[in-house]
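Asks: Handing you this structure, nothing more for now.
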Amino acid sequence: MFRPTKTADNYPLLNCTYRFVNSVKPALHILFFLLAQFSSAQVRVVTELDDNWKFSKGGNALAYQKEFNDKKWQTVTVPHDWAIYGPFDKEIDKQEVAIVQNGEKVATEKTGRTGSLPYIGEGWYRNNFTLPHYKPGQKVLVVFEGAMSEPKVFLNGEKVGEWNYGYNYFYFDISKQIIPGKKNTLAVQLSNKGLSSRWYPGAGLYRKVQIIVKNQESIDQWGTYVTTPVVSAELAKVNIKTKVSGADVRVVTSILNAQGDTVASDKSQIFFGNEFEQNIAVKNPKLWSPETPYLYTAVTKLFAGNVLKDETKTRFGIRTISYTAASGFSLNGKVRKFKGVCLHHDLGPLGAAINVAALRRQLRILKDMGCDAIRSSHNMPSIEQLELCDEMGFMFLAETFDEWARPKVKNGYNRFFNTDAEKDVVNLIHATRNHPSIVMWSSGNEVPDQFGAEGVKRAKWLQEIFHREDPTRPVTVGMDQVKATMASGFGALLDIPGLNYRTHLYEDAFKSFPQGFILGSETASTVSSRGVYKFPVVKGVEKQYPDHQCSSYDLEYCSWSNLPEDDFILEDTKPWVIGQFVWTGFDYLGEPTPYDNKWPARSSYFGMVDLAGLPKDRFYLYRSKWNTNSETLHILPHWNWEGREGQVTPVFVYTNYDSAELFVNGKSMGVQKKNNATAQSKYRLMWMDVKYEPGVLKVVAYDKNGKAASEKTVITAGKPYKLVLDPDRIEIKADGKDISFVTVSVLDEKGNPCPNVNEQLKFSVTGKGSYRAACNGDATSLEQFHLPTMKLFNGKLVVLVQSAASAGDIKLSVTGKGLRASEINIKSR
């Protein structure tokens, strides 16, 4: 049984350390430094290197040198993805390949597989920084949370280390290379090979870079490990292990509640093998869950005698998890099933560059759908994503690799598996293990090593590393070769057998595997394009159309996948199915199945939400099943079908009501009730014989007593008349990073949405902000995101407005030919 977890990350405590960004003006640097002198002790300084980086694609072999002339290089901000600015080009990632995991046996030309963006090649980054707070003899670390890929790191002309895996977190001790009181030059060389990924990997320093200065007597990097092995309503035992450097030291730990009040504390001066262990009682604990994501903070102080040497803050949650044959998965003693989605790491028009506002928006949208779990697919997650899942309440399946020793792509992780896998897993666990959101690890996804004895040995070896470093959580693998894993014992040895699709094998796998439960580690892979509807309305496998779009009637899927209802039925009828992670929550760059052999197509069709963050119809199908707290009543398709008058145009309704009546221009089309006639009719209301006539579609939903409970209408729109702007937030932070996502829609003169408009728009941003990007959700669009113009896709697109580093008003203006222009003001504070 897998029980408690812990949580969190290390944050400097502000009363005795300070945190600043290297790009802050020199005067502010001095001010922060002077303020720190008056604090109780200056023991640890964390500097985020974000601004004033110099970047060059291709670079120069001498760029590692301290005095190298980089004045002509581009000035960028980190996190940075050099490839997202394009242009899109078919030739970049054109491949002649048979995708084995999709069941292909004959090689064909594939395009857009990695997004058709220029990520391949070498890039150099350089940053000059000073450490006015540094004292000779202190320890200095440089910490990278991800660098794509194969980074080689130099300081002041000397190589300090390298790392291979672009998704991993790593750090180097640079104490010997630091020059006190003078300029230090950090240089990073990155190299991205072709045939190295199955999706868009991004390029560059796409996650945070930090410099940490601390004393020699200090808490190790990722050295705090918090678990909650005993939890009841009255009392929780919080176990805290703290690894330190230094002799004759002691630790004092206080636990703070969410309001910052101390609720428990403990001190210890006995440690073994450089590790302290404390057990601290918290009375009447508030438990972490997706519904109540309550967080505590452990403040750990390290003393030598009476002198404070170091201090960290570790945020964590109190909760228990268990996986048993009898009950499946339980959180805090309550049985539940995962309502999860898989997410690739790119953020649409921002590429792989991490942005908290974009991540938070993703999670808000998924939370509204009723989603309660995320699988990082197929990579190690960002720290920011985990922090947000802790705060907002999402369980997390943290994944490591898409490949082990046997390749899927020529230059993938298979090149490094034998030498790097253990250290990569260890860094994943140590950097993220304090997050309460993580309830499961995944050591791999659809690895070709599922076949044969060697694969079984690798699966066992990896699982034992996870168990050694974190005994509190189970391990899974996303398996697609289920028959092979049943025969070899591969699936039987896993803590959790994860099945990718293969719904027809669930029963056989349950009988074969000893665990007593099955996880849908990857499900559905239904495909659709927002606002696109194809006729006749029938189920379709690998359907292709001349416009390279997929129908949003949600009846099209891949040869190896299935429709949402197949997974719903398994969840509803098999108590031993512990939930699912749908492929995918959002569209992502690359893998444009079923058009990976057509051009143009450069992003996926799998998402419930498109690349712009606009929900597709399928979003509401899942919402009707998963969101049990809010009403769902959604009609599809739109009702603007000039030229289809008198032709059959089926109407679907996705709702959490059991029955509804449809009216076309006031005439009843009859009452439909969810039933067991087909898999689809159990979860959708469908009027298959409706003939199109312009006017008003109205649906009236009935409660269980047959009384009208709610209604909704869709109206045939007139001529496009005006643009309407709808920001997700009208106030954003004046930090130079925050973003407001503004949805742009077209309405007719009466205010009805116009669903067929694909007009070119132009964008202008003035004031204390800037235009960052735009996205319309069209997988075939080759328009570059960062240019201030883009076509609407089926009446909508999204504009990203980014704050400046100073407060004030920001104005976004949007114009389009033949449309009344619109503008909106956003406050930056």
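If you're wondering about the labels, chains in the structure tokens are A, B, ... by order shown, residues count from 1 in each chain, ligands from 1 in order shown.
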Need to verify the contact set: Ser745 of chain A, 12 Å, only C-alpha atoms, exclusion of same-chain residues closer than 5 positions in sequence. Can you return it as a ChimeraX atom specification?

Replies: /A:614,720-727,751-759,761,776,791-799,814-816,819-822

Asks: Which residues are near segment 369-373 of chain A? Cut-off 8 Å, only C-alpha atoms, ignore same chain within fewer than 2 positions. Put them as a PyMOL selection string.

Replies: chain A and resi 290+338-341+365-367+375+393-397+581+619-620+622-623+626-628

Asks: Please save N, CA, C and O atoms of the selected residues as a PDB file, in the first residue's frame.

Replies:
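Contents of part_11.pdb, as written:
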ATOM      1  N   PRO A 290      -7.754  17.735  -4.344  1.00  0.00           N
ATOM      2  CA  PRO A 290      -8.165  18.642  -5.418  1.00  0.00           C
ATOM      3  C   PRO A 290      -9.284  19.593  -5.010  1.00  0.00           C
ATOM      4  O   PRO A 290      -9.360  20.714  -5.511  1.00  0.00           O
ATOM      5  N   PHE A 338      -9.433   8.770 -11.243  1.00  0.00           N
ATOM      6  CA  PHE A 338      -8.770   9.901 -11.884  1.00  0.00           C
ATOM      7  C   PHE A 338      -9.588  10.412 -13.066  1.00  0.00           C
ATOM      8  O   PHE A 338      -9.939   9.649 -13.966  1.00  0.00           O
ATOM      9  N   LYS A 339      -9.861  11.696 -13.044  1.00  0.00           N
ATOM     10  CA  LYS A 339     -10.458  12.392 -14.188  1.00  0.00           C
ATOM     11  C   LYS A 339      -9.351  13.264 -14.777  1.00  0.00           C
ATOM     12  O   LYS A 339      -9.316  14.474 -14.575  1.00  0.00           O
ATOM     13  N   GLY A 340      -8.431  12.600 -15.469  1.00  0.00           N
ATOM     14  CA  GLY A 340      -7.186  13.248 -15.841  1.00  0.00           C
ATOM     15  C   GLY A 340      -7.031  13.484 -17.323  1.00  0.00           C
ATOM     16  O   GLY A 340      -7.721  12.900 -18.155  1.00  0.00           O
ATOM     17  N   VAL A 341      -6.082  14.357 -17.640  1.00  0.00           N
ATOM     18  CA  VAL A 341      -5.700  14.618 -19.025  1.00  0.00           C
ATOM     19  C   VAL A 341      -4.178  14.570 -19.135  1.00  0.00           C
ATOM     20  O   VAL A 341      -3.456  14.808 -18.173  1.00  0.00           O
ATOM     21  N   ILE A 365      -9.020  26.404 -17.064  1.00  0.00           N
ATOM     22  CA  ILE A 365      -9.924  25.838 -18.068  1.00  0.00           C
ATOM     23  C   ILE A 365     -10.201  24.369 -17.753  1.00  0.00           C
ATOM     24  O   ILE A 365     -11.354  23.901 -17.815  1.00  0.00           O
ATOM     25  N   LEU A 366      -9.157  23.619 -17.414  1.00  0.00           N
ATOM     26  CA  LEU A 366      -9.323  22.202 -17.101  1.00  0.00           C
ATOM     27  C   LEU A 366     -10.123  22.005 -15.819  1.00  0.00           C
ATOM     28  O   LEU A 366     -10.932  21.072 -15.718  1.00  0.00           O
ATOM     29  N   LYS A 367      -9.926  22.872 -14.849  1.00  0.00           N
ATOM     30  CA  LYS A 367     -10.690  22.776 -13.600  1.00  0.00           C
ATOM     31  C   LYS A 367     -12.178  22.965 -13.875  1.00  0.00           C
ATOM     32  O   LYS A 367     -13.026  22.257 -13.319  1.00  0.00           O
ATOM     33  N   ARG A 375      -1.206  14.378 -16.365  1.00  0.00           N
ATOM     34  CA  ARG A 375      -0.047  13.533 -16.657  1.00  0.00           C
ATOM     35  C   ARG A 375       0.911  14.328 -17.532  1.00  0.00           C
ATOM     36  O   ARG A 375       0.532  14.802 -18.596  1.00  0.00           O
ATOM     37  N   GLY A 393      -5.157  22.488  -6.960  1.00  0.00           N
ATOM     38  CA  GLY A 393      -5.803  21.213  -6.680  1.00  0.00           C
ATOM     39  C   GLY A 393      -5.900  20.286  -7.872  1.00  0.00           C
ATOM     40  O   GLY A 393      -6.989  20.024  -8.383  1.00  0.00           O
ATOM     41  N   PHE A 394      -4.746  19.794  -8.331  1.00  0.00           N
ATOM     42  CA  PHE A 394      -4.701  18.760  -9.364  1.00  0.00           C
ATOM     43  C   PHE A 394      -3.749  17.667  -8.905  1.00  0.00           C
ATOM     44  O   PHE A 394      -2.618  17.959  -8.498  1.00  0.00           O
ATOM     45  N   MET A 395      -4.186  16.416  -8.960  1.00  0.00           N
ATOM     46  CA  MET A 395      -3.269  15.314  -8.754  1.00  0.00           C
ATOM     47  C   MET A 395      -2.380  15.196  -9.975  1.00  0.00           C
ATOM     48  O   MET A 395      -2.780  15.576 -11.076  1.00  0.00           O
ATOM     49  N   PHE A 396      -1.179  14.653  -9.774  1.00  0.00           N
ATOM     50  CA  PHE A 396      -0.200  14.708 -10.855  1.00  0.00           C
ATOM     51  C   PHE A 396       0.495  13.368 -11.036  1.00  0.00           C
ATOM     52  O   PHE A 396       0.933  12.746 -10.066  1.00  0.00           O
ATOM     53  N   LEU A 397       0.571  12.938 -12.294  1.00  0.00           N
ATOM     54  CA  LEU A 397       1.354  11.773 -12.700  1.00  0.00           C
ATOM     55  C   LEU A 397       2.584  12.300 -13.418  1.00  0.00           C
ATOM     56  O   LEU A 397       2.509  12.772 -14.548  1.00  0.00           O
ATOM     57  N   PHE A 581      -6.408   9.152 -18.105  1.00  0.00           N
ATOM     58  CA  PHE A 581      -5.737  10.379 -18.510  1.00  0.00           C
ATOM     59  C   PHE A 581      -5.938  10.504 -20.022  1.00  0.00           C
ATOM     60  O   PHE A 581      -5.338   9.762 -20.804  1.00  0.00           O
ATOM     61  N   PHE A 619     -14.799  19.272 -25.244  1.00  0.00           N
ATOM     62  CA  PHE A 619     -14.615  19.790 -23.881  1.00  0.00           C
ATOM     63  C   PHE A 619     -15.911  19.637 -23.081  1.00  0.00           C
ATOM     64  O   PHE A 619     -15.902  19.229 -21.913  1.00  0.00           O
ATOM     65  N   TYR A 620     -17.039  19.948 -23.720  1.00  0.00           N
ATOM     66  CA  TYR A 620     -18.323  19.937 -23.015  1.00  0.00           C
ATOM     67  C   TYR A 620     -18.856  18.522 -22.819  1.00  0.00           C
ATOM     68  O   TYR A 620     -19.622  18.268 -21.883  1.00  0.00           O
ATOM     69  N   TYR A 622     -16.873  15.982 -21.994  1.00  0.00           N
ATOM     70  CA  TYR A 622     -16.206  15.587 -20.750  1.00  0.00           C
ATOM     71  C   TYR A 622     -16.729  16.390 -19.559  1.00  0.00           C
ATOM     72  O   TYR A 622     -16.886  15.856 -18.462  1.00  0.00           O
ATOM     73  N   ARG A 623     -17.009  17.656 -19.781  1.00  0.00           N
ATOM     74  CA  ARG A 623     -17.535  18.475 -18.690  1.00  0.00           C
ATOM     75  C   ARG A 623     -18.864  17.935 -18.188  1.00  0.00           C
ATOM     76  O   ARG A 623     -19.145  17.931 -16.979  1.00  0.00           O
ATOM     77  N   TRP A 626     -17.765  15.001 -16.016  1.00  0.00           N
ATOM     78  CA  TRP A 626     -16.806  15.200 -14.921  1.00  0.00           C
ATOM     79  C   TRP A 626     -17.155  16.328 -13.957  1.00  0.00           C
ATOM     80  O   TRP A 626     -16.831  16.239 -12.779  1.00  0.00           O
ATOM     81  N   ASN A 627     -17.744  17.399 -14.454  1.00  0.00           N
ATOM     82  CA  ASN A 627     -18.050  18.523 -13.574  1.00  0.00           C
ATOM     83  C   ASN A 627     -19.428  18.298 -12.956  1.00  0.00           C
ATOM     84  O   ASN A 627     -20.461  18.552 -13.572  1.00  0.00           O
ATOM     85  N   THR A 628     -19.424  17.819 -11.734  1.00  0.00           N
ATOM     86  CA  THR A 628     -20.683  17.469 -11.057  1.00  0.00           C
ATOM     87  C   THR A 628     -21.254  18.629 -10.252  1.00  0.00           C
ATOM     88  O   THR A 628     -22.309  18.485  -9.629  1.00  0.00           O
TER      89      THR A 628
END

Asks: List the neighbours of Thr114 of chain A out to 7 Å using only C-alpha atoms; skip same-chain residues closer than 5 positions along the sequence, and give me the result as a list in words.

Replies: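 Here the answer would be Asp93, Ser197, Arg198, Trp199, Tyr200, Leu589, Gly590 and Glu591 of chain A.
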
Asks: Please measure the separation of atom CA of Thr485 of chain A and atom CA of Thr593 of chain A, giving the value in Å to one decimal.

Replies: 26.0 Å

Asks: From the options A:Val249, A:Ile240, A:Ala779, A:Ala357, which residue's atoms come nearest to Phe316 of chain A, counting only C-alpha atoms?

Replies: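 Closest to Phe316 of chain A, using only C-alpha atoms: A:Ile240.
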
Asks: Between atom CA of Leu685 of chain A and atom CA of Lys707 of chain A, what distance in Å does the model show, to one decimal?

Replies: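 The value is 17.1 Å.
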
Asks: I need the residue nearest Glu104 of chain A from this list: A:Ser559, A:Glu150, A:Gly489, A:Glu399. Use only C-alpha atoms for the distance.

Replies: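 With only C-alpha atoms as the atom set, the closest residue is A:Ser559.
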
Asks: Would you mind telling me which residue in A:Gly348, A:Lys152, A:Tyr771, A:Gly452 lies nearest to His786 of chain A when using only C-alpha atoms?

Replies: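 Result for the nearest residue to His786 of chain A: A:Tyr771.
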
Asks: Using only C-alpha atoms, find the one residue out of A:Arg319, A:Lys674, A:His467, A:Arg602 that sits nearest to Phe88 of chain A.

Replies: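 Nearest to Phe88 of chain A: A:Arg602.
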
Asks: Segment 70-80 of chain A: which residues within 10 Å, counting only C-alpha atoms, same-chain residues fewer than 2 positions away excluded, as number ranges by chain?

Replies: A: 23, 48-57, 59-60, 63, 67-68, 82-84, 124-127, 145-147, 202-209, 350-355, 736-737

Asks: Given only C-alpha atoms as the basis, pick out the residue of A:Tyr506, A:Leu633, A:Val765, A:Asn640 nearest to Glu823 of chain A.

Replies: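 The shortest atom-to-atom distance to Glu823 of chain A comes from A:Val765.
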
Asks: Report the residues of segment 221-335 of chain A whose backbone DSSP state falls under strand (DSSP E), written as a PyMOL selection string.

Replies: chain A and resi 221-231+235-245+249-256+262-268+271-272+275-283+296-304+307-316+321-324+328-331+334-335

Asks: If you measure from atom CA of Gly86 of chain A to atom CA of Gln385 of chain A, what distance in Å do you get, rounded to one decimal?

Replies: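 Between these atoms lies a distance of 25.3 Å.
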
Asks: Going by DSSP on the backbone, which residues of segment 431-608 of chain A come out as alpha helix (DSSP H)? List them as JSON, numbers by chain.

Replies: {"A": [431, 432, 452, 453, 454, 455, 456, 457, 458, 459, 460, 461, 462, 463, 464, 465, 466, 467, 468, 469, 482, 483, 484, 485, 486, 487, 488, 490, 491, 492, 493, 506, 507, 508, 509, 510, 511, 512, 564, 565, 566, 567, 568, 569, 570, 571, 572, 573]}

Asks: Env of Ser604 of chain A: 6 Å cut, atoms = only C-alpha atoms, seq-sep filter 4 positions within chain, self excluded. Answer as a list in words.

Replies: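 Returned residues: Asp587, Tyr588, Glu591 and Pro592 of chain A.
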
Asks: Applying 8 Å and only C-alpha atoms, which residues near Ser254 of chain A remain after dropping the ones on its own chain fewer than 3 positions away? List them as a PyMOL selection string.

Replies: chain A and resi 262-266+298-300

Asks: So, with only C-alpha atoms as the atoms that count, which of A:Arg644, A:Leu256, A:Tyr169, A:Val46 lies closest to Gln210 of chain A?

Replies: A:Val46

Asks: Might you pull out every residue within 6 Å of segment 663-665 of chain A, with only C-alpha atoms counted and same-chain residues fewer than 6 positions away left off, and present them as a list of chain:residue names?

Replies: A:Gly695, A:Val696, A:Leu697, A:Lys698

Asks: Atoms to include: N, CA, C and O atoms. Write the selected residues as an mmCIF file, in the first residue's frame.

Replies:
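Below is the file that was written, selection27.cif:
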data_model
loop_
_atom_site.group_PDB
_atom_site.id
_atom_site.type_symbol
_atom_site.label_atom_id
_atom_site.label_comp_id
_atom_site.auth_asym_id
_atom_site.auth_seq_id
_atom_site.Cartn_x
_atom_site.Cartn_y
_atom_site.Cartn_z
ATOM 1 N N GLY A 695 -32.529 29.974 -38.725
ATOM 2 C CA GLY A 695 -33.396 30.424 -37.652
ATOM 3 C C GLY A 695 -32.826 30.127 -36.290
ATOM 4 O O GLY A 695 -31.658 30.430 -36.013
ATOM 5 N N VAL A 696 -33.646 29.506 -35.435
ATOM 6 C CA VAL A 696 -33.274 29.318 -34.032
ATOM 7 C C VAL A 696 -33.344 27.853 -33.650
ATOM 8 O O VAL A 696 -34.375 27.202 -33.824
ATOM 9 N N LEU A 697 -32.229 27.340 -33.158
ATOM 10 C CA LEU A 697 -32.204 26.041 -32.479
ATOM 11 C C LEU A 697 -32.377 26.305 -30.995
ATOM 12 O O LEU A 697 -31.653 27.135 -30.424
ATOM 13 N N LYS A 698 -33.291 25.603 -30.365
ATOM 14 C CA LYS A 698 -33.446 25.740 -28.920
ATOM 15 C C LYS A 698 -33.525 24.355 -28.302
ATOM 16 O O LYS A 698 -34.220 23.473 -28.828
#
